[in-house]
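Below is one structure; the comments refer to it alone.
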Amino acid sequence: MATALSPAKPFMLPLSSPNSLDRHLAELVTVALAHPIGSLERQRTLTQLIAHMQQSGKIWQGSGARSEDYAEALQQTWLFLCRNLERYDSSKASLMTWFNNHLKYRLLDQSRQTQQTQQETLQARRTKTGEWCDPLDALPAQATMPLLLEEIEQWLTQDSKSLRLIHLRDRSEVHCQMLIRCRLPPETPWEQLSQRWNVPISTLSNFYQRECLPRLRAFVDSLDYADSI
């Protein structure tokens with residue numbers, strides 16, 4: 001009669017034995033697959049599996065990719081691992097190799113998506129003359145500017161919940177609502193925002209261009225002022 005598998009106990013990986021990681025991960029995979037998807041036992045084993053992989057130092061680091069793209073790709077790969085463990089074939093590759101290969105594909109997809117988003121953002125900012133502009137750089141005549149700014153402020157307040165959900169990774173206080181509000185006339189300089197949040201100017205600017213500006217543009221275009229921009 002086969003002996004029932006039990007969850008593996010946590011352990012410290014011996015650095016002097018490079019093959020011990022692959023062997024232990026294979027054991028954890030076997031234990032996880034012995035339990036139904038969604039079961040507490042499987043979740044516990046997956047937690048151990050991920051912890052050992054993270055501690056191993058063997059996860060591919062991205063080779064110079066944008067940190068935001070890499071973080072998103074890594075998160076998606078962890079989800080893929082947990083949801084598709086049955087698809088892993090130990091006869092073809094070690095778990096780390098299988099994981100890293102999927103991570104590379106995810107990063108490639110994420111980088112392409114970021115590039116496409118940036119191109120769409122730039123296209124949205126192109127004027128009829130082919131020049132680039134920020135929607136706020138082309139506000140209507142001075143007489144109507146206060147009214148438009150008031151409507152933007154009302155939008156920021158009414159959509160506060162959804163705009164706050166769009167933020168820098170691991171920095172929930174740096175979100176779309178706050179950044180758009182800070183860049184409204186009279187705009188807060190990037191240098192001051194960088195010092196306030198201890199975030200590089202390039203990171204703030206890229207986030208604003210990628211996430212905040214398209215939403216601001218969409219709102220302004222929904223108003224009667226759209227033809228003036």
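Chains: A, B, ... in order of the structure tokens. Residues: from 1 per chain. Ligands: from 1, in order shown.
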Write out as a VMD selection string which residues come within 9 Å of Leu46 (chain A) when counting only C-alpha atoms, dropping same-chain ones fewer than 6 positions away.
chain A and resid 28 to 29 32 82
Residues of region 5-110 of chain A in alpha helix (DSSP H) according to DSSP, as a PyMOL selection string?
chain A and resi 18-33+40-56+67-83+95-110
Long-range neighbours of Glu211 (chain A) as a VMD selection string, 12 Å cut-off, only C-alpha atoms, 2 positions minimum in chain:
chain A and resid 114 117 to 118 120 to 121 163 to 168 174 to 177 179 to 180 203 to 209 213 to 218
DSSP-assigned strand (DSSP E or B) among region 53-224 of chain A, expressed as JSON, numbers by chain
{"A": [126, 132, 167, 168, 171, 172, 173, 174, 175]}
